[in-house]
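Undergrad: Below is the file upload_18.cif, which contains mmCIF, N, CA, C and O atoms.
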data_start
#
loop_
_atom_site.label_atom_id
_atom_site.label_comp_id
_atom_site.auth_asym_id
_atom_site.auth_seq_id
_atom_site.Cartn_x
_atom_site.Cartn_y
_atom_site.Cartn_z
N THR A 1 0.81 -1.20 0.00
CA THR A 1 0.00 0.00 0.00
C THR A 1 0.86 1.26 0.00
O THR A 1 0.83 2.04 0.90
N GLY A 2 1.63 1.50 -0.98
CA GLY A 2 2.48 2.68 -1.03
C GLY A 2 1.83 3.88 -1.67
O GLY A 2 2.49 4.78 -2.12
N GLY A 3 0.48 3.91 -1.73
CA GLY A 3 -0.21 5.06 -2.29
C GLY A 3 -0.41 4.95 -3.79
O GLY A 3 -1.01 5.82 -4.39
N ALA A 4 0.06 3.88 -4.41
CA ALA A 4 -0.12 3.71 -5.84
C ALA A 4 -1.53 3.27 -6.13
O ALA A 4 -2.15 2.55 -5.36
N PHE A 5 -2.04 3.68 -7.28
CA PHE A 5 -3.38 3.28 -7.71
C PHE A 5 -3.29 1.86 -8.23
O PHE A 5 -2.56 1.58 -9.17
N THR A 6 -4.03 0.94 -7.63
CA THR A 6 -3.89 -0.47 -7.99
C THR A 6 -5.17 -1.11 -8.49
O THR A 6 -5.17 -2.28 -8.82
N GLY A 7 -6.28 -0.41 -8.53
CA GLY A 7 -7.50 -1.06 -8.97
C GLY A 7 -8.53 -0.06 -9.43
O GLY A 7 -8.30 1.14 -9.45
N GLY A 8 -9.68 -0.58 -9.81
CA GLY A 8 -10.76 0.29 -10.26
C GLY A 8 -10.66 0.57 -11.73
O GLY A 8 -10.01 -0.13 -12.48
N SER A 9 -11.33 1.62 -12.15
CA SER A 9 -11.34 1.97 -13.57
C SER A 9 -11.16 3.47 -13.73
O SER A 9 -11.27 4.23 -12.78
N ALA A 10 -10.91 3.85 -14.96
CA ALA A 10 -10.74 5.28 -15.26
C ALA A 10 -12.08 5.99 -15.09
O ALA A 10 -13.13 5.39 -15.26
N PRO A 11 -12.05 7.28 -14.75
CA PRO A 11 -13.30 8.03 -14.63
C PRO A 11 -14.07 8.02 -15.95
O PRO A 11 -13.48 8.00 -17.02
N SER A 12 -15.39 8.01 -15.85
CA SER A 12 -16.20 8.05 -17.06
C SER A 12 -16.95 9.37 -17.12
O SER A 12 -16.91 10.16 -16.20
N GLY A 13 -17.63 9.60 -18.20
CA GLY A 13 -18.41 10.82 -18.33
C GLY A 13 -18.15 11.51 -19.65
O GLY A 13 -18.80 12.48 -19.97
N GLY A 14 -17.21 11.03 -20.43
CA GLY A 14 -17.01 11.56 -21.76
C GLY A 14 -16.21 12.84 -21.83
O GLY A 14 -15.92 13.32 -22.91
N GLY A 15 -15.86 13.45 -20.70
CA GLY A 15 -15.09 14.68 -20.72
C GLY A 15 -13.61 14.42 -20.88
O GLY A 15 -13.10 13.39 -20.47
N SER A 16 -12.92 15.35 -21.49
CA SER A 16 -11.49 15.22 -21.67
C SER A 16 -10.77 15.80 -20.47
O SER A 16 -11.17 16.82 -19.93
N LEU A 17 -9.70 15.14 -20.04
CA LEU A 17 -8.89 15.67 -18.96
C LEU A 17 -7.82 16.61 -19.48
O LEU A 17 -7.12 17.24 -18.71
N GLU A 18 -7.70 16.69 -20.80
CA GLU A 18 -6.69 17.53 -21.44
C GLU A 18 -7.00 19.02 -21.21
O GLU A 18 -8.14 19.44 -21.28
N ILE A 19 -5.95 19.78 -20.94
CA ILE A 19 -6.09 21.23 -20.82
C ILE A 19 -5.63 21.86 -22.12
O ILE A 19 -4.55 21.56 -22.62
N LYS A 20 -6.47 22.74 -22.66
CA LYS A 20 -6.14 23.47 -23.88
C LYS A 20 -5.99 24.93 -23.54
O LYS A 20 -6.71 25.45 -22.68
N VAL A 21 -5.08 25.61 -24.21
CA VAL A 21 -4.95 27.06 -24.05
C VAL A 21 -5.62 27.70 -25.26
O VAL A 21 -5.23 27.43 -26.41
N VAL A 22 -6.64 28.50 -25.00
CA VAL A 22 -7.39 29.17 -26.06
C VAL A 22 -7.03 30.64 -26.03
O VAL A 22 -7.15 31.30 -25.00
N ALA A 23 -6.56 31.17 -27.17
CA ALA A 23 -6.21 32.59 -27.30
C ALA A 23 -7.42 33.33 -27.88
O ALA A 23 -7.81 33.09 -29.02
N LEU A 24 -8.01 34.21 -27.07
CA LEU A 24 -9.18 34.97 -27.50
C LEU A 24 -8.79 36.36 -27.94
O LEU A 24 -8.03 37.05 -27.24
N GLN A 25 -9.32 36.78 -29.06
CA GLN A 25 -9.11 38.12 -29.57
C GLN A 25 -10.14 39.07 -28.95
O GLN A 25 -11.19 38.63 -28.46
N PRO A 26 -9.86 40.38 -28.94
CA PRO A 26 -10.85 41.34 -28.45
C PRO A 26 -12.20 41.14 -29.14
O PRO A 26 -12.26 40.95 -30.36
N GLY A 27 -13.28 41.12 -28.34
CA GLY A 27 -14.62 40.94 -28.85
C GLY A 27 -15.09 39.50 -28.90
O GLY A 27 -16.29 39.25 -29.08
N GLN A 28 -14.20 38.52 -28.74
CA GLN A 28 -14.60 37.12 -28.80
C GLN A 28 -15.18 36.64 -27.47
O GLN A 28 -14.85 37.16 -26.41
N LYS A 29 -16.03 35.61 -27.59
CA LYS A 29 -16.63 34.95 -26.42
C LYS A 29 -16.19 33.50 -26.39
O LYS A 29 -16.05 32.86 -27.42
N LEU A 30 -16.00 32.99 -25.19
CA LEU A 30 -15.69 31.58 -24.96
C LEU A 30 -16.85 31.02 -24.15
O LEU A 30 -17.02 31.39 -22.98
N ILE A 31 -17.67 30.19 -24.78
CA ILE A 31 -18.87 29.65 -24.15
C ILE A 31 -18.59 28.23 -23.68
O ILE A 31 -18.12 27.39 -24.46
N ALA A 32 -18.88 27.95 -22.42
CA ALA A 32 -18.57 26.67 -21.80
C ALA A 32 -19.69 25.66 -21.98
O ALA A 32 -20.87 26.01 -22.01
N LYS A 33 -19.29 24.40 -22.08
CA LYS A 33 -20.23 23.28 -22.01
C LYS A 33 -20.31 22.85 -20.54
O LYS A 33 -19.44 23.17 -19.74
N ALA A 34 -21.35 22.11 -20.20
CA ALA A 34 -21.55 21.67 -18.82
C ALA A 34 -20.34 20.90 -18.30
O ALA A 34 -19.82 20.03 -18.99
N GLY A 35 -19.88 21.28 -17.12
CA GLY A 35 -18.76 20.60 -16.48
C GLY A 35 -17.39 21.13 -16.85
O GLY A 35 -16.38 20.65 -16.34
N SER A 36 -17.33 22.12 -17.72
CA SER A 36 -16.03 22.68 -18.14
C SER A 36 -15.42 23.54 -17.05
O SER A 36 -16.11 24.04 -16.16
N GLU A 37 -14.11 23.71 -17.15
CA GLU A 37 -13.34 24.55 -16.21
C GLU A 37 -12.52 25.53 -17.02
O GLU A 37 -11.89 25.16 -18.01
N PHE A 38 -12.51 26.80 -16.60
CA PHE A 38 -11.71 27.84 -17.25
C PHE A 38 -10.80 28.48 -16.21
O PHE A 38 -11.18 28.65 -15.05
N ILE A 39 -9.61 28.90 -16.67
CA ILE A 39 -8.73 29.77 -15.89
C ILE A 39 -8.24 30.85 -16.84
O ILE A 39 -7.55 30.56 -17.82
N VAL A 40 -8.62 32.11 -16.59
CA VAL A 40 -8.15 33.24 -17.39
C VAL A 40 -6.73 33.55 -16.92
O VAL A 40 -6.50 33.81 -15.75
N ARG A 41 -5.78 33.51 -17.85
CA ARG A 41 -4.37 33.66 -17.48
C ARG A 41 -3.85 35.09 -17.58
O ARG A 41 -2.89 35.45 -16.91
N ASN A 42 -4.43 35.92 -18.44
CA ASN A 42 -3.93 37.29 -18.60
C ASN A 42 -5.02 38.17 -19.17
O ASN A 42 -6.01 37.68 -19.71
N GLY A 43 -4.83 39.46 -19.07
CA GLY A 43 -5.74 40.41 -19.71
C GLY A 43 -7.08 40.54 -19.02
O GLY A 43 -7.27 40.15 -17.87
N ASN A 44 -8.02 41.14 -19.77
CA ASN A 44 -9.35 41.40 -19.25
C ASN A 44 -10.37 40.48 -19.88
O ASN A 44 -10.43 40.36 -21.11
N ALA A 45 -11.19 39.86 -19.05
CA ALA A 45 -12.30 39.04 -19.51
C ALA A 45 -13.47 39.30 -18.57
O ALA A 45 -13.29 39.49 -17.37
N LEU A 46 -14.66 39.32 -19.14
CA LEU A 46 -15.86 39.56 -18.37
C LEU A 46 -16.70 38.29 -18.31
O LEU A 46 -16.77 37.53 -19.28
N ALA A 47 -17.35 38.07 -17.18
CA ALA A 47 -18.21 36.91 -17.00
C ALA A 47 -19.47 37.05 -17.84
O ALA A 47 -20.05 38.13 -17.93
N ILE A 48 -19.88 35.94 -18.44
CA ILE A 48 -21.16 35.86 -19.13
C ILE A 48 -22.04 34.94 -18.29
O ILE A 48 -21.81 33.73 -18.25
N GLY A 49 -23.00 35.53 -17.61
CA GLY A 49 -23.92 34.75 -16.79
C GLY A 49 -25.10 34.25 -17.62
O GLY A 49 -25.14 34.43 -18.83
N SER A 50 -26.05 33.64 -16.95
CA SER A 50 -27.25 33.14 -17.63
C SER A 50 -28.44 33.32 -16.69
O SER A 50 -28.30 33.78 -15.56
N LYS A 51 -29.60 32.89 -17.16
CA LYS A 51 -30.79 32.92 -16.29
C LYS A 51 -30.59 32.01 -15.08
O LYS A 51 -31.17 32.23 -14.04
N GLY A 52 -29.71 30.99 -15.24
CA GLY A 52 -29.42 30.07 -14.14
C GLY A 52 -28.50 30.65 -13.09
O GLY A 52 -28.30 30.06 -12.03
N GLY A 53 -27.89 31.81 -13.37
CA GLY A 53 -27.00 32.45 -12.40
C GLY A 53 -25.68 32.84 -13.00
O GLY A 53 -25.50 32.85 -14.22
N GLY A 54 -24.75 33.16 -12.13
CA GLY A 54 -23.41 33.56 -12.55
C GLY A 54 -22.51 32.36 -12.71
O GLY A 54 -22.97 31.23 -12.89
N ILE A 55 -21.22 32.62 -12.60
CA ILE A 55 -20.21 31.57 -12.75
C ILE A 55 -19.57 31.30 -11.40
O ILE A 55 -19.05 32.21 -10.76
N PRO A 56 -19.56 30.05 -10.95
CA PRO A 56 -18.88 29.72 -9.70
C PRO A 56 -17.36 29.93 -9.83
O PRO A 56 -16.71 29.35 -10.69
N ASP A 57 -16.83 30.83 -8.99
CA ASP A 57 -15.39 31.08 -8.90
C ASP A 57 -14.91 30.25 -7.70
O ASP A 57 -15.08 30.66 -6.55
N VAL A 58 -14.35 29.09 -7.99
CA VAL A 58 -13.96 28.16 -6.94
C VAL A 58 -12.82 28.72 -6.10
O VAL A 58 -12.75 28.50 -4.89
N THR A 59 -11.91 29.46 -6.71
CA THR A 59 -10.76 30.02 -5.99
C THR A 59 -11.20 30.99 -4.90
O THR A 59 -10.72 30.94 -3.78
N ALA A 60 -12.13 31.89 -5.25
CA ALA A 60 -12.58 32.90 -4.30
C ALA A 60 -13.77 32.44 -3.46
O ALA A 60 -14.11 33.08 -2.47
N GLY A 61 -14.42 31.37 -3.89
CA GLY A 61 -15.61 30.92 -3.17
C GLY A 61 -16.79 31.85 -3.39
O GLY A 61 -17.62 32.03 -2.49
N THR A 62 -16.87 32.44 -4.58
CA THR A 62 -17.95 33.39 -4.88
C THR A 62 -18.61 33.01 -6.21
O THR A 62 -18.18 32.08 -6.89
N ASP A 63 -19.63 33.76 -6.56
CA ASP A 63 -20.33 33.59 -7.82
C ASP A 63 -20.12 34.87 -8.62
O ASP A 63 -20.42 35.96 -8.12
N LEU A 64 -19.58 34.76 -9.84
CA LEU A 64 -19.35 35.94 -10.67
C LEU A 64 -20.60 36.28 -11.46
O LEU A 64 -21.07 35.47 -12.27
N ALA A 65 -21.14 37.45 -11.22
CA ALA A 65 -22.35 37.89 -11.92
C ALA A 65 -22.03 38.30 -13.36
O ALA A 65 -20.87 38.57 -13.69
N ASN A 66 -23.03 38.34 -14.18
CA ASN A 66 -22.88 38.75 -15.57
C ASN A 66 -22.21 40.13 -15.65
O ASN A 66 -22.60 41.05 -14.95
N GLY A 67 -21.19 40.24 -16.49
CA GLY A 67 -20.51 41.52 -16.71
C GLY A 67 -19.38 41.85 -15.76
O GLY A 67 -18.67 42.83 -15.94
N VAL A 68 -19.17 41.02 -14.73
CA VAL A 68 -18.10 41.25 -13.75
C VAL A 68 -16.77 40.81 -14.34
O VAL A 68 -16.68 39.81 -15.05
N LYS A 69 -15.70 41.56 -14.03
CA LYS A 69 -14.35 41.19 -14.49
C LYS A 69 -13.93 39.88 -13.83
O LYS A 69 -14.08 39.70 -12.62
N VAL A 70 -13.43 38.97 -14.64
CA VAL A 70 -12.97 37.67 -14.14
C VAL A 70 -11.54 37.83 -13.62
O VAL A 70 -10.66 38.28 -14.37
N PRO A 71 -11.28 37.49 -12.36
CA PRO A 71 -9.91 37.58 -11.84
C PRO A 71 -8.99 36.58 -12.56
O PRO A 71 -9.40 35.45 -12.85
N THR A 72 -7.77 36.98 -12.84
CA THR A 72 -6.83 36.07 -13.46
C THR A 72 -6.43 34.98 -12.46
O THR A 72 -6.42 35.20 -11.24
N ASN A 73 -6.12 33.82 -13.01
CA ASN A 73 -5.64 32.66 -12.25
C ASN A 73 -6.65 32.10 -11.26
O ASN A 73 -6.26 31.43 -10.30
N HIS A 74 -7.94 32.36 -11.47
CA HIS A 74 -9.00 31.78 -10.65
C HIS A 74 -9.68 30.67 -11.42
O HIS A 74 -9.95 30.79 -12.61
N LEU A 75 -9.99 29.57 -10.74
CA LEU A 75 -10.66 28.44 -11.36
C LEU A 75 -12.17 28.70 -11.40
O LEU A 75 -12.79 28.93 -10.37
N LEU A 76 -12.72 28.65 -12.62
CA LEU A 76 -14.16 28.81 -12.83
C LEU A 76 -14.74 27.48 -13.29
O LEU A 76 -14.16 26.82 -14.16
N ILE A 77 -15.88 27.09 -12.72
CA ILE A 77 -16.54 25.85 -13.11
C ILE A 77 -17.93 26.18 -13.63
O ILE A 77 -18.64 27.01 -13.05
N PHE A 78 -18.32 25.51 -14.72
CA PHE A 78 -19.59 25.78 -15.38
C PHE A 78 -20.52 24.58 -15.19
O PHE A 78 -20.31 23.53 -15.78
N PRO A 79 -21.55 24.73 -14.35
CA PRO A 79 -22.39 23.60 -13.97
C PRO A 79 -23.39 23.14 -15.04
O PRO A 79 -23.80 22.00 -15.04
N ARG A 80 -23.78 24.04 -15.94
CA ARG A 80 -24.79 23.70 -16.95
C ARG A 80 -24.35 24.17 -18.32
O ARG A 80 -23.52 25.06 -18.45
N ASP A 81 -24.99 23.61 -19.31
CA ASP A 81 -24.77 23.99 -20.71
C ASP A 81 -25.83 25.04 -21.06
O ASP A 81 -26.81 24.75 -21.74
N ASP A 82 -25.66 26.27 -20.52
CA ASP A 82 -26.71 27.28 -20.68
C ASP A 82 -26.19 28.64 -21.15
O ASP A 82 -26.79 29.66 -20.88
N GLY A 83 -25.06 28.64 -21.85
CA GLY A 83 -24.57 29.89 -22.45
C GLY A 83 -23.61 30.69 -21.61
O GLY A 83 -23.18 31.77 -22.00
N ARG A 84 -23.23 30.18 -20.44
CA ARG A 84 -22.26 30.91 -19.61
C ARG A 84 -20.87 30.80 -20.20
O ARG A 84 -20.55 29.85 -20.91
N GLY A 85 -20.04 31.78 -19.88
CA GLY A 85 -18.67 31.77 -20.37
C GLY A 85 -17.97 33.06 -20.02
O GLY A 85 -18.29 33.71 -19.01
N VAL A 86 -17.01 33.43 -20.85
CA VAL A 86 -16.27 34.68 -20.66
C VAL A 86 -16.19 35.42 -22.00
O VAL A 86 -16.22 34.80 -23.06
N GLN A 87 -16.13 36.73 -21.92
CA GLN A 87 -16.03 37.56 -23.12
C GLN A 87 -14.88 38.54 -22.94
O GLN A 87 -14.71 39.13 -21.87
N VAL A 88 -14.11 38.73 -24.01
CA VAL A 88 -13.03 39.70 -24.02
C VAL A 88 -13.59 41.02 -24.54
O VAL A 88 -14.14 41.06 -25.64
N PRO A 89 -13.48 42.10 -23.75
CA PRO A 89 -13.99 43.39 -24.23
C PRO A 89 -13.27 43.83 -25.50
O PRO A 89 -12.09 43.52 -25.69
N SER A 90 -13.98 44.53 -26.35
CA SER A 90 -13.38 45.00 -27.61
C SER A 90 -12.27 46.01 -27.35
O SER A 90 -11.43 46.25 -28.22
N THR A 91 -12.21 46.57 -26.15
CA THR A 91 -11.16 47.54 -25.80
C THR A 91 -9.87 46.87 -25.34
O THR A 91 -8.85 47.56 -25.16
N GLN A 92 -9.89 45.54 -25.14
CA GLN A 92 -8.69 44.81 -24.71
C GLN A 92 -7.61 44.92 -25.78
O GLN A 92 -7.87 44.74 -26.96
N LYS A 93 -6.39 45.19 -25.38
CA LYS A 93 -5.26 45.23 -26.31
C LYS A 93 -4.57 43.87 -26.26
O LYS A 93 -4.07 43.46 -25.23
N GLY A 94 -4.56 43.17 -27.38
CA GLY A 94 -3.92 41.87 -27.45
C GLY A 94 -4.84 40.74 -27.05
O GLY A 94 -6.00 40.95 -26.69
N VAL A 95 -4.31 39.52 -27.12
CA VAL A 95 -5.10 38.33 -26.83
C VAL A 95 -5.20 38.08 -25.33
O VAL A 95 -4.37 38.53 -24.55
N VAL A 96 -6.24 37.34 -24.97
CA VAL A 96 -6.43 36.86 -23.61
C VAL A 96 -6.34 35.34 -23.69
O VAL A 96 -7.07 34.71 -24.45
N ASN A 97 -5.43 34.76 -22.93
CA ASN A 97 -5.25 33.31 -22.91
C ASN A 97 -6.07 32.71 -21.78
O ASN A 97 -5.99 33.16 -20.64
N VAL A 98 -6.84 31.68 -22.15
CA VAL A 98 -7.68 30.99 -21.17
C VAL A 98 -7.35 29.51 -21.22
O VAL A 98 -7.38 28.89 -22.30
N MET A 99 -7.03 28.94 -20.08
CA MET A 99 -6.84 27.49 -19.98
C MET A 99 -8.22 26.87 -19.84
O MET A 99 -9.02 27.31 -19.02
N VAL A 100 -8.48 25.82 -20.64
CA VAL A 100 -9.80 25.19 -20.66
C VAL A 100 -9.67 23.69 -20.52
O VAL A 100 -8.86 23.06 -21.21
N ARG A 101 -10.48 23.13 -19.64
CA ARG A 101 -10.63 21.68 -19.56
C ARG A 101 -12.12 21.41 -19.78
O ARG A 101 -12.96 21.94 -19.06
N GLY A 102 -12.44 20.61 -20.79
CA GLY A 102 -13.82 20.30 -21.11
C GLY A 102 -14.26 20.96 -22.40
O GLY A 102 -13.46 21.56 -23.13
N GLY A 103 -15.54 20.89 -22.67
CA GLY A 103 -16.08 21.40 -23.92
C GLY A 103 -16.29 22.90 -23.90
O GLY A 103 -16.55 23.50 -22.87
N PHE A 104 -16.16 23.50 -25.08
CA PHE A 104 -16.34 24.94 -25.22
C PHE A 104 -16.61 25.29 -26.68
O PHE A 104 -16.43 24.47 -27.58
N GLU A 105 -17.02 26.54 -26.89
CA GLU A 105 -17.24 27.07 -28.22
C GLU A 105 -16.74 28.52 -28.24
O GLU A 105 -17.02 29.28 -27.30
N VAL A 106 -16.00 28.89 -29.29
CA VAL A 106 -15.55 30.28 -29.45
C VAL A 106 -16.49 30.97 -30.42
O VAL A 106 -16.79 30.46 -31.49
N LYS A 107 -16.99 32.14 -30.02
CA LYS A 107 -17.89 32.93 -30.88
C LYS A 107 -17.31 34.31 -31.11
O LYS A 107 -16.66 34.85 -30.27
#
How would this structure read if it were set down as structure tokens?
TA:
Amino acid sequence: TGGAFTGGSAPSGGGSLEIKVVALQPGQKLIAKAGSEFIVRNGNALAIGSKGGGIPDVTAGTDLANGVKVPTNHLLIFPRDDGRGVQVPSTQKGVVNVMVRGGFEVK
């Protein structure tokens, strides 16, 4: 019993454990699929909420309301597939890099 994993099976659910870095241009939106995780690494990004609520910010233990600036290096989790995500303001200079685990769509 040295702490090594010796039995069971891999997690299921169809989600990818791979982390992708998505470079968003000013004006672009990154819309999350249910169960996705985002970390904004640089620049300015605003939360896109939904009728279901804001975005759970796991790092701060808060809920980000629609239009609120997303803190960099905070883990965001998206509980539903209902249009939540992040948007880069058109006034942002340069790209905003977002680490993503799970499904997403760039608009």
Undergrad: Up to 12 Å from (-27.6, 15.3, -11.8) in the file's coordinates: name the residues, counting only C-alpha atoms, as a list in words.
TA: Ala34, Gly35, Pro79 and Arg80 of chain A
Undergrad: Give me the result of the PyMOL selection byres ((chain A and resi 42) around 5) on this file, residue by residue, as a PyMOL selection string.
TA: chain A and resi 40-41+43-44+96-97
Undergrad: Mind giving me the straight-line distance from atom N of Ile19 (chain A) to atom O of Pro56 (chain A) in Å, one decimal?
TA: 17.7 Å
Undergrad: Point out the residue among A:Gly54, A:Val88, A:Lys93, A:Leu75 with the least atom-to-atom distance to Glu37 (chain A), counting all atoms listed in the file.
TA: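 Of the candidates, the smallest distance to Glu37 (chain A) is held by A:Leu75.
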Undergrad: Using atom N of Gln92 (chain A) and atom C of Lys69 (chain A) as the two end points, give the distance in Å to one decimal.
TA: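 Here the two named atoms are 13.3 Å from each other.
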Undergrad: Select, from A:Leu30, A:Ile77, A:Val21, A:Val70, the residue with the minimum atom-to-atom distance to Met99 (chain A), counting only N, CA, C and O atoms.
TA: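 Checking each candidate against Met99 (chain A), we get A:Val21 as the closest.
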Undergrad: Using only C-alpha atoms, give me every residue within 9 Å of (-13.7, 31.4, -9.4) in file coordinates, as a PyMOL selection string.
TA: chain A and resi 38-39+55-64+70-71+73-77
Undergrad: Can you spit out the residues from that selection as a PDB file, in the frame of the given file, using N, CA, C and O atoms?
TA:
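Below you can see result33.pdb, which holds the result:
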ATOM      1  N   PHE A  38     -12.510  26.800 -16.600  1.00  0.00           N
ATOM      2  CA  PHE A  38     -11.710  27.840 -17.250  1.00  0.00           C
ATOM      3  C   PHE A  38     -10.800  28.480 -16.210  1.00  0.00           C
ATOM      4  O   PHE A  38     -11.180  28.650 -15.050  1.00  0.00           O
ATOM      5  N   ILE A  39      -9.610  28.900 -16.670  1.00  0.00           N
ATOM      6  CA  ILE A  39      -8.730  29.770 -15.890  1.00  0.00           C
ATOM      7  C   ILE A  39      -8.240  30.850 -16.840  1.00  0.00           C
ATOM      8  O   ILE A  39      -7.550  30.560 -17.820  1.00  0.00           O
ATOM      9  N   ILE A  55     -21.220  32.620 -12.600  1.00  0.00           N
ATOM     10  CA  ILE A  55     -20.210  31.570 -12.750  1.00  0.00           C
ATOM     11  C   ILE A  55     -19.570  31.300 -11.400  1.00  0.00           C
ATOM     12  O   ILE A  55     -19.050  32.210 -10.760  1.00  0.00           O
ATOM     13  N   PRO A  56     -19.560  30.050 -10.950  1.00  0.00           N
ATOM     14  CA  PRO A  56     -18.880  29.720  -9.700  1.00  0.00           C
ATOM     15  C   PRO A  56     -17.360  29.930  -9.830  1.00  0.00           C
ATOM     16  O   PRO A  56     -16.710  29.350 -10.690  1.00  0.00           O
ATOM     17  N   ASP A  57     -16.830  30.830  -8.990  1.00  0.00           N
ATOM     18  CA  ASP A  57     -15.390  31.080  -8.900  1.00  0.00           C
ATOM     19  C   ASP A  57     -14.910  30.250  -7.700  1.00  0.00           C
ATOM     20  O   ASP A  57     -15.080  30.660  -6.550  1.00  0.00           O
ATOM     21  N   VAL A  58     -14.350  29.090  -7.990  1.00  0.00           N
ATOM     22  CA  VAL A  58     -13.960  28.160  -6.940  1.00  0.00           C
ATOM     23  C   VAL A  58     -12.820  28.720  -6.100  1.00  0.00           C
ATOM     24  O   VAL A  58     -12.750  28.500  -4.890  1.00  0.00           O
ATOM     25  N   THR A  59     -11.910  29.460  -6.710  1.00  0.00           N
ATOM     26  CA  THR A  59     -10.760  30.020  -5.990  1.00  0.00           C
ATOM     27  C   THR A  59     -11.200  30.990  -4.900  1.00  0.00           C
ATOM     28  O   THR A  59     -10.720  30.940  -3.780  1.00  0.00           O
ATOM     29  N   ALA A  60     -12.130  31.890  -5.250  1.00  0.00           N
ATOM     30  CA  ALA A  60     -12.580  32.900  -4.300  1.00  0.00           C
ATOM     31  C   ALA A  60     -13.770  32.440  -3.460  1.00  0.00           C
ATOM     32  O   ALA A  60     -14.110  33.080  -2.470  1.00  0.00           O
ATOM     33  N   GLY A  61     -14.420  31.370  -3.890  1.00  0.00           N
ATOM     34  CA  GLY A  61     -15.610  30.920  -3.170  1.00  0.00           C
ATOM     35  C   GLY A  61     -16.790  31.850  -3.390  1.00  0.00           C
ATOM     36  O   GLY A  61     -17.620  32.030  -2.490  1.00  0.00           O
ATOM     37  N   THR A  62     -16.870  32.440  -4.580  1.00  0.00           N
ATOM     38  CA  THR A  62     -17.950  33.390  -4.880  1.00  0.00           C
ATOM     39  C   THR A  62     -18.610  33.010  -6.210  1.00  0.00           C
ATOM     40  O   THR A  62     -18.180  32.080  -6.890  1.00  0.00           O
ATOM     41  N   ASP A  63     -19.630  33.760  -6.560  1.00  0.00           N
ATOM     42  CA  ASP A  63     -20.330  33.590  -7.820  1.00  0.00           C
ATOM     43  C   ASP A  63     -20.120  34.870  -8.620  1.00  0.00           C
ATOM     44  O   ASP A  63     -20.420  35.960  -8.120  1.00  0.00           O
ATOM     45  N   LEU A  64     -19.580  34.760  -9.840  1.00  0.00           N
ATOM     46  CA  LEU A  64     -19.350  35.940 -10.670  1.00  0.00           C
ATOM     47  C   LEU A  64     -20.600  36.280 -11.460  1.00  0.00           C
ATOM     48  O   LEU A  64     -21.070  35.470 -12.270  1.00  0.00           O
ATOM     49  N   VAL A  70     -13.430  38.970 -14.640  1.00  0.00           N
ATOM     50  CA  VAL A  70     -12.970  37.670 -14.140  1.00  0.00           C
ATOM     51  C   VAL A  70     -11.540  37.830 -13.620  1.00  0.00           C
ATOM     52  O   VAL A  70     -10.660  38.280 -14.370  1.00  0.00           O
ATOM     53  N   PRO A  71     -11.280  37.490 -12.360  1.00  0.00           N
ATOM     54  CA  PRO A  71      -9.910  37.580 -11.840  1.00  0.00           C
ATOM     55  C   PRO A  71      -8.990  36.580 -12.560  1.00  0.00           C
ATOM     56  O   PRO A  71      -9.400  35.450 -12.850  1.00  0.00           O
ATOM     57  N   ASN A  73      -6.120  33.820 -13.010  1.00  0.00           N
ATOM     58  CA  ASN A  73      -5.640  32.660 -12.250  1.00  0.00           C
ATOM     59  C   ASN A  73      -6.650  32.100 -11.260  1.00  0.00           C
ATOM     60  O   ASN A  73      -6.260  31.430 -10.300  1.00  0.00           O
ATOM     61  N   HIS A  74      -7.940  32.360 -11.470  1.00  0.00           N
ATOM     62  CA  HIS A  74      -9.000  31.780 -10.650  1.00  0.00           C
ATOM     63  C   HIS A  74      -9.680  30.670 -11.420  1.00  0.00           C
ATOM     64  O   HIS A  74      -9.950  30.790 -12.610  1.00  0.00           O
ATOM     65  N   LEU A  75      -9.990  29.570 -10.740  1.00  0.00           N
ATOM     66  CA  LEU A  75     -10.660  28.440 -11.360  1.00  0.00           C
ATOM     67  C   LEU A  75     -12.170  28.700 -11.400  1.00  0.00           C
ATOM     68  O   LEU A  75     -12.790  28.930 -10.370  1.00  0.00           O
ATOM     69  N   LEU A  76     -12.720  28.650 -12.620  1.00  0.00           N
ATOM     70  CA  LEU A  76     -14.160  28.810 -12.830  1.00  0.00           C
ATOM     71  C   LEU A  76     -14.740  27.480 -13.290  1.00  0.00           C
ATOM     72  O   LEU A  76     -14.160  26.820 -14.160  1.00  0.00           O
ATOM     73  N   ILE A  77     -15.880  27.090 -12.720  1.00  0.00           N
ATOM     74  CA  ILE A  77     -16.540  25.850 -13.110  1.00  0.00           C
ATOM     75  C   ILE A  77     -17.930  26.180 -13.630  1.00  0.00           C
ATOM     76  O   ILE A  77     -18.640  27.010 -13.050  1.00  0.00           O
TER      77      ILE A  77
END
Undergrad: CA of Lys107 (chain A) and CA of Gly67 (chain A), how far apart in Å?
TA: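 Those two atoms sit 16.8 Å apart.
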Undergrad: Assign secondary structure with DSSP using the backbone only, and return the residues of chain A in strand (DSSP E or B) as a PyMOL selection string.
TA: chain A and resi 19-24+29-32+37-40+46-48+50+53+55-57+62-64+69+75-77+85-87+96-101+104-106
Undergrad: What would the selection look like, as a list of chain:residue names, if the PyMOL selection byres ((chain A and resi 66) around 5) were run on the coordinates I just shared?
TA: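 Going through the file, the PyMOL selection byres ((chain A and resi 66) around 5) ends up selecting A:Ala47, A:Ile48, A:Gly49, A:Leu64, A:Ala65, A:Gly67, A:Val68.
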Undergrad: Of the candidates A:Ser90, A:Ala45, A:Asp82, A:Ala32, which one gets nearest to Val106 (chain A) if we count all atoms listed in the file?
TA: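 Of A:Ser90, A:Ala45, A:Asp82, A:Ala32, the one nearest Val106 (chain A) is A:Ala32, counting all atoms listed in the file.
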Undergrad: Tell me which of A:Glu105, A:Ser36, A:Gly27, A:Lys51 sits closest to Pro89 (chain A), counting only N, CA, C and O atoms.
TA: A:Gly27
Undergrad: Given the PyMOL selection byres (((chain A and resi 103 and name CA) around 6) and name CA) and the file above, list the residues it selects as a PyMOL selection string.
TA: chain A and resi 33+36+102+104
Undergrad: Go through A:Lys29, A:Ala23, A:Leu46, A:Leu17 one by one, measure the shortest atom-to-atom distance of each to Thr72 (chain A) using only C-alpha atoms, and give the residue with the smallest value.
TA: A:Leu46
Undergrad: Considering only N, CA, C and O atoms, can you say which of A:Val95, A:Phe78, A:Gly52, A:Val86 comes closest to Gln28 (chain A)?
TA: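 Under the stated criterion, the closest residue is A:Val86.
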